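S.K.: Data file coords_29.pdb (PDB, C-alpha atoms (C1' of nucleotides)) is appended below.
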ATOM      1  CA  MET A 284     181.424 123.591 158.635
ATOM      2  CA  ARG A 285     185.146 123.560 157.970
ATOM      3  CA  ILE A 286     186.812 124.658 154.771
ATOM      4  CA  GLY A 287     187.213 121.210 153.244
ATOM      5  CA  GLU A 288     183.535 120.422 153.421
ATOM      6  CA  LEU A 289     182.518 123.811 152.072
ATOM      7  CA  ALA A 290     184.961 123.376 149.205
ATOM      8  CA  ALA A 291     183.594 119.915 148.470
ATOM      9  CA  GLN A 292     179.997 121.088 148.523
ATOM     10  CA  THR A 293     180.576 124.039 146.229
ATOM     11  CA  GLY A 294     183.167 122.587 143.924
ATOM     12  CA  LEU A 295     185.610 125.371 144.750
ATOM     13  CA  SER A 296     189.150 124.751 145.887
ATOM     14  CA  ARG A 297     190.106 125.405 149.498
ATOM     15  CA  ASP A 298     192.479 128.056 148.212
ATOM     16  CA  THR A 299     189.642 129.776 146.411
ATOM     17  CA  VAL A 300     187.476 129.731 149.513
ATOM     18  CA  ARG A 301     190.303 131.270 151.532
ATOM     19  CA  PHE A 302     190.787 133.817 148.755
ATOM     20  CA  TYR A 303     187.086 134.690 148.902
ATOM     21  CA  GLU A 304     187.263 135.137 152.647
ATOM     22  CA  ARG A 305     190.296 137.392 152.330
ATOM     23  CA  THR A 306     188.473 139.552 149.795
ATOM     24  CA  GLY A 307     185.425 139.871 152.011
ATOM     25  CA  LEU A 308     183.138 137.736 149.882
ATOM     26  CA  LEU A 309     182.680 135.304 152.703
ATOM     27  CA  THR A 310     182.973 135.466 156.466
ATOM     28  CA  ALA A 311     183.831 132.691 158.863
ATOM     29  CA  ARG A 312     184.059 132.339 162.597
ATOM     30  CA  ARG A 313     187.078 130.625 163.999
ATOM     31  CA  LEU A 314     187.132 127.470 166.060
ATOM     32  CA  PRO A 315     189.337 127.485 169.169
ATOM     33  CA  ASN A 316     192.094 125.838 167.173
ATOM     34  CA  GLY A 317     192.074 128.575 164.547
ATOM     35  CA  TYR A 318     190.205 126.592 161.903
ATOM     36  CA  ARG A 319     187.602 128.503 159.904
ATOM     37  CA  ASP A 320     183.990 127.640 160.702
ATOM     38  CA  PHE A 321     181.508 128.488 157.966
ATOM     39  CA  PRO A 322     177.743 128.677 158.477
ATOM     40  CA  PRO A 323     175.624 126.334 156.315
ATOM     41  CA  GLU A 324     174.311 129.334 154.346
ATOM     42  CA  ALA A 325     177.762 129.707 152.883
ATOM     43  CA  VAL A 326     176.929 126.931 150.419
ATOM     44  CA  PRO A 327     173.954 128.591 148.697
ATOM     45  CA  TRP A 328     175.705 131.942 148.986
ATOM     46  CA  LEU A 329     178.672 130.650 147.027
ATOM     47  CA  ARG A 330     176.335 129.207 144.446
ATOM     48  CA  TYR A 331     174.804 132.635 144.140
ATOM     49  CA  VAL A 332     178.272 134.133 143.790
ATOM     50  CA  ARG A 333     178.915 131.848 140.839
ATOM     51  CA  THR A 334     175.660 132.949 139.218
ATOM     52  CA  ALA A 335     176.405 136.612 139.705
ATOM     53  CA  GLN A 336     179.866 136.045 138.312
ATOM     54  CA  ALA A 337     178.362 134.393 135.246
ATOM     55  CA  LEU A 338     176.340 137.563 134.797
ATOM     56  CA  GLY A 339     179.522 139.541 134.570
ATOM     57  CA  PHE A 340     179.791 140.927 138.090
ATOM     58  CA  SER A 341     183.230 141.320 139.575
ATOM     59  CA  LEU A 342     183.896 139.743 142.945
ATOM     60  CA  ALA A 343     184.185 143.230 144.430
ATOM     61  CA  GLU A 344     180.692 144.110 143.287
ATOM     62  CA  ILE A 345     179.275 140.857 144.590
ATOM     63  CA  ALA A 346     180.965 141.408 147.936
ATOM     64  CA  ARG A 347     179.433 144.876 148.160
ATOM     65  CA  THR A 348     175.881 143.628 147.644
ATOM     66  CA  GLY A 349     176.644 140.904 150.161
ATOM     67  CA  GLU A 350     177.593 143.484 152.759
ATOM     68  CA  GLU A 351     174.488 145.530 152.068
ATOM     69  CA  LEU A 352     172.468 142.391 152.590
ATOM     70  CA  SER A 353     173.811 141.426 155.978
ATOM     71  CA  GLY A 354     172.332 143.406 158.803
ATOM     72  CA  VAL A 355     169.058 143.887 156.994
ATOM     73  CA  PRO A 356     166.124 142.452 158.996
ATOM     74  CA  ASP A 357     164.198 141.082 156.000
ATOM     75  CA  ALA A 358     167.097 139.307 154.327
ATOM     76  CA  ALA A 359     164.861 137.093 152.217
ATOM     77  CA  GLY A 360     162.927 140.081 150.920
ATOM     78  CA  ALA A 361     166.083 142.043 150.230
ATOM     79  CA  LEU A 362     167.519 139.114 148.378
ATOM     80  CA  SER A 363     164.385 138.771 146.303
ATOM     81  CA  GLU A 364     164.736 142.430 145.422
ATOM     82  CA  LEU A 365     168.345 141.838 144.462
ATOM     83  CA  PHE A 366     167.291 138.983 142.230
ATOM     84  CA  ARG A 367     164.697 141.158 140.569
ATOM     85  CA  GLU A 368     167.476 143.630 139.768
ATOM     86  CA  LYS A 369     169.641 140.859 138.372
ATOM     87  CA  ILE A 370     166.766 139.730 136.202
ATOM     88  CA  ALA A 371     166.452 143.239 134.817
ATOM     89  CA  LEU A 372     170.166 143.085 134.151
ATOM     90  CA  ILE A 373     169.844 139.817 132.330
ATOM     91  CA  ASP A 374     167.080 141.308 130.222
ATOM     92  CA  ALA A 375     169.277 144.273 129.367
ATOM     93  CA  ARG A 376     172.168 142.004 128.509
ATOM     94  CA  MET A 377     169.919 139.876 126.330
ATOM     95  CA  ALA A 378     168.666 142.955 124.507
ATOM     96  CA  GLU A 379     172.276 143.975 123.940
ATOM     97  CA  LEU A 380     173.053 140.562 122.528
ATOM     98  CA  ALA A 381     169.966 140.732 120.340
ATOM     99  CA  GLY A 382     171.272 144.018 118.952
ATOM    100  CA  LEU A 383     174.652 142.516 118.203
ATOM    101  CA  ARG A 384     172.971 139.555 116.643
ATOM    102  CA  ALA A 385     170.902 141.779 114.350
ATOM    103  CA  ASP A 386     174.011 143.720 113.394
ATOM    104  CA  LEU A 387     175.884 140.551 112.500
ATOM    105  CA  ALA A 388     172.901 139.078 110.679
ATOM    106  CA  ALA A 389     172.666 142.213 108.540
ATOM    107  CA  ARG A 390     176.324 141.880 107.612
ATOM    108  CA  VAL A 391     176.167 138.223 106.700
ATOM    109  CA  GLY A 392     175.940 137.996 102.949
ATOM    110  CA  ALA A 393     176.635 141.688 102.505
ATOM    111  CA  GLY A 394     179.297 142.447  99.917
ATOM    112  CA  CYS A 395     181.619 143.812 102.537
ATOM    113  CA  PRO A 396     180.778 142.415 105.975
ATOM    114  CA  LEU A 397     183.180 144.802 107.651
ATOM    115  CA  ALA A 398     181.498 147.935 106.314
ATOM    116  CA  PRO A 399     180.636 150.429 109.044
ATOM    117  CA  ALA A 400     177.508 149.638 111.014
TER     118      ALA A 400
ATOM    119  CA  MET B  18     196.596 155.914 108.377
ATOM    120  CA  ARG B  19     198.859 156.551 111.344
ATOM    121  CA  ILE B  20     198.281 155.338 114.857
ATOM    122  CA  GLY B  21     196.759 158.516 116.235
ATOM    123  CA  GLU B  22     194.022 158.617 113.654
ATOM    124  CA  LEU B  23     193.242 154.932 114.061
ATOM    125  CA  ALA B  24     193.054 155.408 117.809
ATOM    126  CA  ALA B  25     190.755 158.398 117.415
ATOM    127  CA  GLN B  26     188.468 156.578 115.006
ATOM    128  CA  THR B  27     188.148 153.474 117.163
ATOM    129  CA  GLY B  28     188.180 155.041 120.592
ATOM    130  CA  LEU B  29     191.149 152.926 121.642
ATOM    131  CA  SER B  30     194.297 154.377 123.121
ATOM    132  CA  ARG B  31     197.477 154.453 121.036
ATOM    133  CA  ASP B  32     198.999 152.134 123.612
ATOM    134  CA  THR B  33     196.189 149.659 123.119
ATOM    135  CA  VAL B  34     196.601 149.746 119.352
ATOM    136  CA  ARG B  35     200.321 149.050 119.733
ATOM    137  CA  PHE B  36     199.504 146.293 122.187
ATOM    138  CA  TYR B  37     197.118 144.770 119.643
ATOM    139  CA  GLU B  38     199.771 144.926 116.950
ATOM    140  CA  ARG B  39     202.280 143.248 119.240
ATOM    141  CA  THR B  40     199.871 140.440 119.975
ATOM    142  CA  GLY B  41     199.169 139.893 116.281
ATOM    143  CA  LEU B  42     195.632 141.198 116.322
ATOM    144  CA  LEU B  43     196.531 143.894 113.874
ATOM    145  CA  THR B  44     199.227 144.330 111.230
ATOM    146  CA  ALA B  45     200.696 147.550 109.946
ATOM    147  CA  ARG B  46     203.195 148.498 107.274
ATOM    148  CA  ARG B  47     205.848 150.976 108.174
ATOM    149  CA  LEU B  48     206.418 154.364 106.610
ATOM    150  CA  PRO B  49     210.018 155.250 105.717
ATOM    151  CA  ASN B  50     210.329 157.106 109.013
ATOM    152  CA  GLY B  51     209.307 154.066 111.020
ATOM    153  CA  TYR B  52     205.773 155.195 111.763
ATOM    154  CA  ARG B  53     203.073 152.532 111.582
ATOM    155  CA  ASP B  54     200.771 152.783 108.579
ATOM    156  CA  PHE B  55     197.404 151.069 109.020
ATOM    157  CA  PRO B  56     195.072 150.239 106.154
ATOM    158  CA  PRO B  57     191.568 151.774 106.322
ATOM    159  CA  GLU B  58     190.091 148.322 106.987
ATOM    160  CA  ALA B  59     191.740 148.416 110.386
ATOM    161  CA  VAL B  60     188.882 150.586 111.642
ATOM    162  CA  PRO B  61     186.008 148.133 110.978
ATOM    163  CA  TRP B  62     188.281 145.289 111.967
ATOM    164  CA  LEU B  63     188.858 146.821 115.384
ATOM    165  CA  ARG B  64     185.141 147.405 115.736
ATOM    166  CA  TYR B  65     184.680 143.744 115.022
ATOM    167  CA  VAL B  66     187.331 142.912 117.612
ATOM    168  CA  ARG B  67     185.363 144.838 120.216
ATOM    169  CA  THR B  68     182.219 142.948 119.286
ATOM    170  CA  ALA B  69     183.924 139.592 119.473
ATOM    171  CA  GLN B  70     185.427 140.575 122.814
ATOM    172  CA  ALA B  71     181.974 141.510 124.102
ATOM    173  CA  LEU B  72     180.919 138.009 123.134
ATOM    174  CA  GLY B  73     183.550 136.590 125.406
ATOM    175  CA  PHE B  74     186.330 135.775 122.967
ATOM    176  CA  SER B  75     189.880 136.244 124.147
ATOM    177  CA  LEU B  76     192.160 138.383 122.044
ATOM    178  CA  ALA B  77     194.153 135.265 121.169
ATOM    179  CA  GLU B  78     191.071 133.593 119.720
ATOM    180  CA  ILE B  79     190.147 136.677 117.755
ATOM    181  CA  ALA B  80     193.661 136.944 116.392
ATOM    182  CA  ARG B  81     193.495 133.320 115.276
ATOM    183  CA  THR B  82     190.304 133.804 113.287
ATOM    184  CA  GLY B  83     191.891 136.943 111.852
ATOM    185  CA  GLU B  84     194.844 134.934 110.593
ATOM    186  CA  GLU B  85     192.603 132.282 109.115
ATOM    187  CA  LEU B  86     190.777 135.043 107.331
ATOM    188  CA  SER B  87     193.720 136.669 105.643
ATOM    189  CA  GLY B  88     195.043 134.733 102.689
ATOM    190  CA  VAL B  89     191.627 133.347 101.869
ATOM    191  CA  PRO B  90     190.457 134.392  98.395
ATOM    192  CA  ASP B  91     186.823 134.941  99.363
ATOM    193  CA  ALA B  92     187.408 137.046 102.437
ATOM    194  CA  ALA B  93     183.908 138.481 102.450
ATOM    195  CA  GLY B  94     182.371 135.027 102.288
ATOM    196  CA  ALA B  95     184.668 133.704 104.988
ATOM    197  CA  LEU B  96     183.793 136.611 107.200
ATOM    198  CA  SER B  97     180.107 136.042 106.636
ATOM    199  CA  GLU B  98     180.642 132.480 107.720
ATOM    200  CA  LEU B  99     182.460 133.703 110.815
ATOM    201  CA  PHE B 100     179.574 135.985 111.618
ATOM    202  CA  ARG B 101     177.138 133.141 111.274
ATOM    203  CA  GLU B 102     179.166 131.255 113.866
ATOM    204  CA  LYS B 103     179.150 134.249 116.178
ATOM    205  CA  ILE B 104     175.396 134.469 115.819
ATOM    206  CA  ALA B 105     175.085 130.868 116.923
ATOM    207  CA  LEU B 106     177.265 131.780 119.871
ATOM    208  CA  ILE B 107     175.073 134.702 120.772
ATOM    209  CA  ASP B 108     172.064 132.404 120.653
ATOM    210  CA  ALA B 109     173.785 129.982 123.010
ATOM    211  CA  ARG B 110     174.713 132.771 125.389
ATOM    212  CA  MET B 111     171.165 134.069 125.305
ATOM    213  CA  ALA B 112     169.812 130.634 126.122
ATOM    214  CA  GLU B 113     172.223 130.450 129.048
ATOM    215  CA  LEU B 114     171.011 133.815 130.283
ATOM    216  CA  ALA B 115     167.412 132.696 129.886
ATOM    217  CA  GLY B 116     168.210 129.736 132.124
ATOM    218  CA  LEU B 117     169.783 131.938 134.770
ATOM    219  CA  ARG B 118     166.822 134.272 134.507
ATOM    220  CA  ALA B 119     164.370 131.452 135.103
ATOM    221  CA  ASP B 120     166.380 130.276 138.098
ATOM    222  CA  LEU B 121     166.356 133.732 139.634
ATOM    223  CA  ALA B 122     162.687 134.288 138.829
ATOM    224  CA  ALA B 123     161.798 131.071 140.636
ATOM    225  CA  ARG B 124     163.676 132.244 143.711
ATOM    226  CA  VAL B 125     162.119 135.702 143.856
ATOM    227  CA  GLY B 126     159.428 135.666 146.483
ATOM    228  CA  ALA B 127     160.413 132.260 147.754
ATOM    229  CA  GLY B 128     160.732 132.049 151.502
ATOM    230  CA  CYS B 129     164.433 131.444 151.255
ATOM    231  CA  PRO B 130     165.810 132.740 147.965
ATOM    232  CA  LEU B 131     169.146 131.077 148.595
ATOM    233  CA  ALA B 132     167.691 127.598 148.832
ATOM    234  CA  PRO B 133     169.367 125.095 146.534
ATOM    235  CA  ALA B 134     168.361 125.312 142.884
TER     236      ALA B 134
ATOM    237  C1'  DC C 121     203.721 107.845 169.698
ATOM    238  C1'  DT C 122     203.399 108.219 164.994
ATOM    239  C1'  DC C 123     200.952 108.788 160.867
ATOM    240  C1'  DG C 124     197.989 110.923 157.579
ATOM    241  C1'  DA C 125     194.423 113.929 156.609
ATOM    242  C1'  DC C 126     193.240 118.254 157.373
ATOM    243  C1'  DG C 127     193.946 123.020 158.719
ATOM    244  C1'  DG C 128     196.743 127.544 159.112
ATOM    245  C1'  DT C 129     199.943 131.497 157.183
ATOM    246  C1'  DG C 130     202.590 134.398 154.098
ATOM    247  C1'  DG C 131     204.222 135.068 149.811
ATOM    248  C1'  DA C 132     205.189 134.169 144.952
ATOM    249  C1'  DG C 133     203.493 133.180 140.383
ATOM    250  C1'  DT C 134     200.135 133.044 136.422
ATOM    251  C1'  DA C 135     197.220 134.640 132.490
ATOM    252  C1'  DG C 136     194.780 138.123 130.348
ATOM    253  C1'  DG C 137     194.334 142.765 129.020
ATOM    254  C1'  DG C 138     195.889 146.599 129.245
ATOM    255  C1'  DT C 139     198.302 151.353 130.988
ATOM    256  C1'  DC C 140     202.154 154.472 131.922
ATOM    257  C1'  DC C 141     206.591 156.265 131.452
ATOM    258  C1'  DA C 142     211.217 157.887 129.972
ATOM    259  C1'  DA C 143     214.178 158.797 126.361
ATOM    260  C1'  DG C 144     214.421 159.908 121.894
ATOM    261  C1'  DG C 145     213.221 160.553 116.477
ATOM    262  C1'  DT C 146     210.200 163.276 112.761
ATOM    263  C1'  DC C 147     208.103 166.973 110.835
ATOM    264  C1'  DA C 148     205.242 171.110 109.695
ATOM    265  C1'  DA C 149     204.419 175.841 111.205
ATOM    266  C1'  DG C 150     206.067 180.200 112.731
TER     267       DG C 150
ATOM    268  C1'  DC D 273     215.980 177.283 114.478
ATOM    269  C1'  DT D 274     212.723 176.288 117.840
ATOM    270  C1'  DT D 275     208.405 174.590 119.256
ATOM    271  C1'  DG D 276     204.764 171.337 119.571
ATOM    272  C1'  DA D 277     202.338 167.535 117.979
ATOM    273  C1'  DC D 278     203.104 163.185 116.746
ATOM    274  C1'  DC D 279     205.695 159.006 116.441
ATOM    275  C1'  DT D 280     209.225 155.197 118.126
ATOM    276  C1'  DT D 281     211.034 151.687 121.660
ATOM    277  C1'  DG D 282     211.638 148.997 125.897
ATOM    278  C1'  DG D 283     210.263 148.015 130.093
ATOM    279  C1'  DA D 284     207.821 148.574 134.389
ATOM    280  C1'  DC D 285     203.473 148.445 136.449
ATOM    281  C1'  DC D 286     198.326 147.474 137.467
ATOM    282  C1'  DC D 287     194.121 144.820 138.187
ATOM    283  C1'  DT D 288     191.395 140.483 138.486
ATOM    284  C1'  DA D 289     190.855 136.030 139.893
ATOM    285  C1'  DC D 290     193.046 132.572 141.049
ATOM    286  C1'  DT D 291     196.701 128.862 142.044
ATOM    287  C1'  DC D 292     200.713 126.922 144.116
ATOM    288  C1'  DC D 293     204.193 126.558 147.533
ATOM    289  C1'  DA D 294     206.792 125.849 151.796
ATOM    290  C1'  DC D 295     206.502 125.357 156.292
ATOM    291  C1'  DC D 296     203.984 124.636 160.343
ATOM    292  C1'  DG D 297     199.989 123.279 163.740
ATOM    293  C1'  DT D 298     195.829 119.939 165.005
ATOM    294  C1'  DC D 299     193.707 115.851 165.657
ATOM    295  C1'  DG D 300     191.732 111.110 165.387
ATOM    296  C1'  DA D 301     193.034 106.227 164.361
ATOM    297  C1'  DG D 302     196.048 102.470 165.040
TER     298       DG D 302
END
Represent the structure of the file as structure tokens.
M.R.:
Amino acid sequence: MRIGELAAQTGLSRDTVRFYERTGLLTARRLPNGYRDFPPEAVPWLRYVRTAQALGFSLAEIARTGEELSGVPDAAGALSELFREKIALIDARMAELAGLRADLAARVGAGCPLAPA
Amino acid sequence: MRIGELAAQTGLSRDTVRFYERTGLLTARRLPNGYRDFPPEAVPWLRYVRTAQALGFSLAEIARTGEELSGVPDAAGALSELFREKIALIDARMAELAGLRADLAARVGAGCPLAPA
DNA sequence: CTCGACGGTGGAGTAGGGTCCAAGGTCAAG
DNA sequence: CTTGACCTTGGACCCTACTCCACCGTCGAG
């Protein structure tokens, strides 16, 4: 698939896709005329990238896990493992938020809400 | 309190404190020799800034709520209100994370974890 | 053959949030 | 009086994640 279609299917701009390829987040073959040719898996991969980004991962980190993933025989299994890790991360992040929430809740209504924790 | 002490007590660098003052996140009087003189409340305020930042607020947004806060007679009450809003925000963020978590959990173990959501 | 949509490249620019540096002033201790 | 810690300023620089631009090549339709 060429860049325009990939961009359309993921909602990214063509510039962003090119940027992602430059930074190693994405790889493409080249057609004889020099056009990029992306595999169909690029679509779900980019969706995953967006998710990971929403979880606070930098593009560099995402690219690294992507590299680790390619070349592994059991890609589906490895990916499942990766997802399990991300879930643990979400749980940690949610616990962190719960802590912040409790801290704020304790301050609400206190005489001086900015008093040290 | 001078900049060094404020930096030490908040764990920020002196440069960061100056940067925050420049961007209006923080105000300081000046001593006769030109040194910045921060009020003691700057310490909990900066802690609050870090919290708000962790919640995804930009420094500009935080500065704006800070401005709204000063000049209000019932500062403690206003701040409590602000905290209530932040709590709602945390709840929203947690719900978002719960959604992502469910998405990932559904994919774990699936034949193709990258299949469309 | 020309046109328009699409693709390519390199390079500059942006916003946000700092970080570092050089040159110099202030001040208490020795 | 010097030294060292601390403070000032202005300005340059960095990283991340894009975004835009000019200029050029490719290709199918009319």
S.K.: Neighbouring residues of C:DT146 were defined as those with any atom within 9 Å, considering all atoms listed in the file; residues of the same chain fewer than 2 positions away were excluded. Please report them as number ranges by chain.
M.R.: B: 50; D: 278-279
S.K.: Provide as a PyMOL selection string the residues of chain A at most 12 Å from chain C, counting all atoms listed in the file.
M.R.: chain A and resi 285-288+297-298+301+313-314+316-320
S.K.: When the PyMOL selection byres ((chain D) within 10 of (chain A)) is applied to the file above, which residues end up in the set, as a list in words?
M.R.: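 The output of the PyMOL selection byres ((chain D) within 10 of (chain A)) on this file is DT288, DA289, DC290, DT291, DC292, DG297 and DT298 of chain D.
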S.K.: Applying the PyMOL selection byres ((chain A) within 6 of (chain B)) to the file I just gave you, which residues come out? Please list them as a ChimeraX atom specification.
M.R.: /A:327,359,363,366,370,384,387,391-392,395,397
S.K.: Filtering to C-alpha atoms, could you give me those residues as a PDB file, keeping the file's coordinate frame?
M.R.:
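Once everything was written out, this is result08.pdb:
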ATOM      1  CA  PRO A 327     173.954 128.591 148.697  1.00  0.00           C
ATOM      2  CA  ALA A 359     164.861 137.093 152.217  1.00  0.00           C
ATOM      3  CA  SER A 363     164.385 138.771 146.303  1.00  0.00           C
ATOM      4  CA  PHE A 366     167.291 138.983 142.230  1.00  0.00           C
ATOM      5  CA  ILE A 370     166.766 139.730 136.202  1.00  0.00           C
ATOM      6  CA  ARG A 384     172.971 139.555 116.643  1.00  0.00           C
ATOM      7  CA  LEU A 387     175.884 140.551 112.500  1.00  0.00           C
ATOM      8  CA  VAL A 391     176.167 138.223 106.700  1.00  0.00           C
ATOM      9  CA  GLY A 392     175.940 137.996 102.949  1.00  0.00           C
ATOM     10  CA  CYS A 395     181.619 143.812 102.537  1.00  0.00           C
ATOM     11  CA  LEU A 397     183.180 144.802 107.651  1.00  0.00           C
TER      12      LEU A 397
END
